Amino acid sequence: MARQSIEVSEKAGVRYLHFSSAWVQGAMRLQRPNALELSYTREMMAGLLLRTAPWPRDALLIGLGAGSLAKFIYHQLPATRVIVVEIDPQVEMVARLHFALPDDPRRLRVLIADGADHILQGDCRHDCILVDGFDGQGRAGALDTLPFYQACRARLSESGLLAVNLLGRGRGFAASVERIGQAFAGRSLVFPSCDQGNTIAFATAGEAVDVAGSELVSRAEHWRAASGLNLLPLVARLRQAGCLPHDRLLL
């Protein structure tokens with residue numbers, strides 16, 4: 001099992017999780033513990049703009065961190081079953097003690113295991129796979145390899161979507177994007193980098209994504225009103241970056 005120094009700090013009403021460095025691994029606003037504080041975590045939920053309810057019925061998260069994504073899905077998508085695979089048992093303990101991770105194994109299970117092994121050796125299918133796993137030096141290791149992405153593709157349902165947090169300023173960023181594209185036969189999209197420098201890549205191998213720009217805005221407005229999740233800035237950046245040919249998001 002991975003062992004690393006884990007630190008918790010607070011500033012201006014926000015609690016932060018760090019792994020052996022000043023680099024933030026997760027955050028929680030104390031007055032809104034179930035909201036997605038960091039912009040890249042909000043963008044990892046952009047699948048809600050690409051699919052319609054009751055998607056996703058089943059979500060697999062690789063990497064727990066401060067539990068932000070797990071908590072958001074648990075509270076805002078009550079029909080969704082969540083499994084989180086976290087390699088370090090200390091991370092789960094800190095998430096429960098300091099970041100309000102719910103204790104409800106019927107709907108939210110945390111497995112202490114290697115995320116790459118779980119994907120490569122398993123055979124269950126998921127509507128949503130969210131990959132956000134790094135060590136204290138920002139290395140994804142086996143979670144950023146072609147066999148891993150190919151296994152993710154095999155583990156997706158027909159309506160399944162993969163979302164991967166890439167460190168957009170890292171030297172290996174272009175190679176990561178190429179591996180995802182290769183694994184999914186080009187059916188991938190890299191979002192314009194968000195504020196923290198994180199870049200989110202989405203991919204699918206089943207049911208096509210074809211959503212008009214106006215519908216993206218409508219869905220973003222719905223989720224902002226329903227849950228506080230604001231993806232309108234992302235839609236604007238996608239348009240600015242030319243990611244919506246003929247004003248449609250195609251994947």
# chains A, B, ... in the order shown; residues from 1 in each chain; ligands from 1

$ select_by_dssp --residues "range 117-229 of chain A" --states "helix (DSSP H, G or I)" --output "number ranges by chain"
A: 117-121, 141-144, 146-154, 173-183, 213-227

$ select_by_dssp --residues "range 87-234 of chain A" --states "strand (DSSP E)" --output "ChimeraX atom specification"
/A:108-112,126-131,156-167,188-190,198-203,210-212

$ residues_around --residues "Gly172 in chain A" --least-positions-apart "6" --cutoff "12 Å" --atoms "only C-alpha atoms" --output "PyMOL selection string"
chain A and resi 138-141+144-145+166+178-179

$ write_last_selection --atoms "C-alpha atoms" --output "mmCIF file, in the first residue's frame"
data_model
loop_
_atom_site.group_PDB
_atom_site.id
_atom_site.type_symbol
_atom_site.label_atom_id
_atom_site.label_comp_id
_atom_site.auth_asym_id
_atom_site.auth_seq_id
_atom_site.Cartn_x
_atom_site.Cartn_y
_atom_site.Cartn_z
ATOM 1 C CA GLY A 138 2.225 14.580 -9.405
ATOM 2 C CA ARG A 139 2.971 11.254 -11.073
ATOM 3 C CA ALA A 140 0.118 9.061 -12.292
ATOM 4 C CA GLY A 141 2.260 5.983 -12.931
ATOM 5 C CA ASP A 144 -1.436 6.901 -17.424
ATOM 6 C CA THR A 145 -0.553 4.005 -19.712
ATOM 7 C CA LEU A 166 -4.365 15.436 -16.622
ATOM 8 C CA GLU A 178 -2.142 10.590 -27.466
ATOM 9 C CA ARG A 179 -2.532 7.428 -25.365
#

$ atom_distance --atom1 "CA of Ala241 in chain A" --atom2 "CA of Leu38 in chain A"
21.3 Å

$ closest_atom_pairs --of "range 22-71 of chain A" --to "range 208-221 of chain A" --cutoff "10 Å" --atoms "only C-alpha atoms" --output "CSV"
residue,atom,partner,partner_atom,distance
A:Ala46,CA,A:Ala220,CA,8.8
A:Gly47,CA,A:Val209,CA,9.9
A:Leu48,CA,A:Arg219,CA,7.8
A:Leu49,CA,A:Arg219,CA,5.8
A:Leu50,CA,A:Val209,CA,6.3
A:Arg51,CA,A:Val209,CA,7.6
A:Thr52,CA,A:Arg219,CA,9.0

$ closest_residue --among "A:Phe191, A:Phe148, A:Tyr16, A:Tyr40" --to "Asn230 in chain A" --atoms "only C-alpha atoms"
A:Tyr40

$ residues_around --residues "Ile129 in chain A" --least-positions-apart "3" --cutoff "6 Å" --atoms "only C-alpha atoms" --output "ChimeraX atom specification"
/A:59-61,162

$ closest_residue --among "A:Gly115, A:Gly206, A:Pro105, A:Gly67" --to "Ser159 in chain A" --atoms "only C-alpha atoms"
A:Gly206

$ closest_residue --among "A:Leu69, A:Ile6, A:Met44, A:Leu64" --to "Val110 in chain A" --atoms "only C-alpha atoms"
A:Leu64

$ closest_residue --among "A:Leu101, A:Cys124, A:Ile119, A:Leu249" --to "Ile73 in chain A" --atoms "only C-alpha atoms"
A:Leu101

$ atom_distance --atom1 "CA of Phe72 in chain A" --atom2 "CA of Cys243 in chain A"
26.6 Å

$ atom_distance --atom1 "CA of Pro245 in chain A" --atom2 "CA of Ala185 in chain A"
19.2 Å

$ closest_residue --among "A:Ala113, A:Val235, A:Met45, A:Leu30" --to "Val85 in chain A" --atoms "only C-alpha atoms"
A:Ala113

$ closest_residue --among "A:His126, A:His118, A:Arg15, A:Arg155" --to "Trp55 in chain A" --atoms "only C-alpha atoms"
A:His126

$ residues_around --residues "Ser227 in chain A" --least-positions-apart "5" --cutoff "10 Å" --atoms "only C-alpha atoms" --output "list in words"
Asn34, Ala35, Phe72, His75, Gln76, Leu77 and His222 of chain A

$ residues_around --residues "Asp88 in chain A" --least-positions-apart "4" --cutoff "12 Å" --atoms "only C-alpha atoms" --output "PyMOL selection string"
chain A and resi 1-6+19+62-65+84+92-95+110-115+133-135

$ write_last_selection --atoms "N, CA, C and O atoms" --output "short mmCIF file (atom, residue, chain, number, x, y, z; two decimals), in the first residue's frame"
data_model
loop_
_atom_site.label_atom_id
_atom_site.label_comp_id
_atom_site.auth_asym_id
_atom_site.auth_seq_id
_atom_site.Cartn_x
_atom_site.Cartn_y
_atom_site.Cartn_z
N MET A 1 0.83 -1.19 0.00
CA MET A 1 0.00 0.00 0.00
C MET A 1 0.87 1.25 0.00
O MET A 1 1.93 1.28 0.63
N ALA A 2 0.39 2.27 -0.68
CA ALA A 2 1.14 3.53 -0.74
C ALA A 2 1.13 4.19 0.63
O ALA A 2 0.12 4.21 1.32
N ARG A 3 2.26 4.73 1.02
CA ARG A 3 2.36 5.48 2.27
C ARG A 3 3.03 6.81 1.96
O ARG A 3 4.07 6.87 1.35
N GLN A 4 2.43 7.89 2.41
CA GLN A 4 2.99 9.20 2.16
C GLN A 4 2.54 10.13 3.27
O GLN A 4 1.59 9.85 3.99
N SER A 5 3.25 11.23 3.39
CA SER A 5 2.89 12.23 4.40
C SER A 5 1.67 13.01 3.91
O SER A 5 1.66 13.55 2.81
N ILE A 6 0.62 13.03 4.73
CA ILE A 6 -0.61 13.71 4.37
C ILE A 6 -0.80 14.89 5.31
O ILE A 6 -0.69 14.74 6.54
N PHE A 19 -0.39 16.16 -0.21
CA PHE A 19 0.45 14.97 -0.09
C PHE A 19 1.91 15.41 -0.13
O PHE A 19 2.46 15.68 -1.20
N ILE A 62 -11.32 6.42 -9.51
CA ILE A 62 -9.97 5.97 -9.20
C ILE A 62 -9.25 7.14 -8.53
O ILE A 62 -8.94 8.15 -9.16
N GLY A 63 -9.00 7.01 -7.25
CA GLY A 63 -8.41 8.09 -6.46
C GLY A 63 -9.48 8.79 -5.65
O GLY A 63 -10.47 9.27 -6.19
N LEU A 64 -9.28 8.84 -4.33
CA LEU A 64 -10.27 9.45 -3.44
C LEU A 64 -9.96 10.91 -3.12
O LEU A 64 -10.85 11.76 -3.16
N GLY A 65 -8.71 11.19 -2.79
CA GLY A 65 -8.34 12.55 -2.39
C GLY A 65 -9.18 13.00 -1.20
O GLY A 65 -9.38 12.26 -0.24
N VAL A 84 -15.26 3.76 -5.04
CA VAL A 84 -14.00 4.50 -5.09
C VAL A 84 -12.86 3.53 -4.81
O VAL A 84 -12.92 2.77 -3.84
N GLU A 92 -8.31 7.50 2.96
CA GLU A 92 -9.70 7.28 3.37
C GLU A 92 -9.93 7.79 4.79
O GLU A 92 -10.95 8.44 5.07
N MET A 93 -9.01 7.51 5.69
CA MET A 93 -9.17 7.95 7.08
C MET A 93 -9.26 9.47 7.17
O MET A 93 -10.13 10.02 7.86
N VAL A 94 -8.38 10.15 6.44
CA VAL A 94 -8.38 11.62 6.47
C VAL A 94 -9.66 12.16 5.84
O VAL A 94 -10.26 13.13 6.34
N ALA A 95 -10.13 11.55 4.75
CA ALA A 95 -11.36 12.01 4.10
C ALA A 95 -12.56 11.88 5.03
O ALA A 95 -13.46 12.73 5.04
N VAL A 110 -15.68 2.36 -0.53
CA VAL A 110 -14.27 2.69 -0.74
C VAL A 110 -13.47 1.40 -0.64
O VAL A 110 -13.49 0.72 0.39
N LEU A 111 -12.80 1.04 -1.73
CA LEU A 111 -11.95 -0.14 -1.77
C LEU A 111 -10.50 0.30 -1.67
O LEU A 111 -10.04 1.16 -2.44
N ILE A 112 -9.76 -0.27 -0.73
CA ILE A 112 -8.33 0.03 -0.63
C ILE A 112 -7.60 -0.96 -1.54
O ILE A 112 -7.45 -2.15 -1.23
N ALA A 113 -7.20 -0.46 -2.68
CA ALA A 113 -6.57 -1.30 -3.69
C ALA A 113 -5.86 -0.42 -4.71
O ALA A 113 -6.04 0.80 -4.73
N ASP A 114 -5.06 -1.04 -5.55
CA ASP A 114 -4.39 -0.34 -6.63
C ASP A 114 -5.40 -0.10 -7.76
O ASP A 114 -6.00 -1.05 -8.28
N GLY A 115 -5.60 1.16 -8.14
CA GLY A 115 -6.60 1.49 -9.14
C GLY A 115 -6.33 0.87 -10.49
O GLY A 115 -7.25 0.42 -11.18
N GLY A 133 -5.81 10.22 -10.00
CA GLY A 133 -4.87 9.61 -9.09
C GLY A 133 -3.44 10.03 -9.36
O GLY A 133 -2.93 9.84 -10.46
N PHE A 134 -2.80 10.60 -8.33
CA PHE A 134 -1.40 11.05 -8.45
C PHE A 134 -0.70 10.81 -7.12
O PHE A 134 -1.34 10.79 -6.06
N ASP A 135 0.62 10.68 -7.17
CA ASP A 135 1.38 10.65 -5.93
C ASP A 135 1.78 12.06 -5.54
O ASP A 135 1.36 13.04 -6.17
#

$ residues_around --residues "Glu10 in chain A" --least-positions-apart "2" --cutoff "12 Å" --atoms "only C-alpha atoms" --output "list in words"
Glu7, Val8, Ala12, Gly13, Val14, Arg15, Tyr16, Leu17, His18, Val24, Gly26, Ala27, Met28, Arg29, Leu30, His98 and Phe99 of chain A
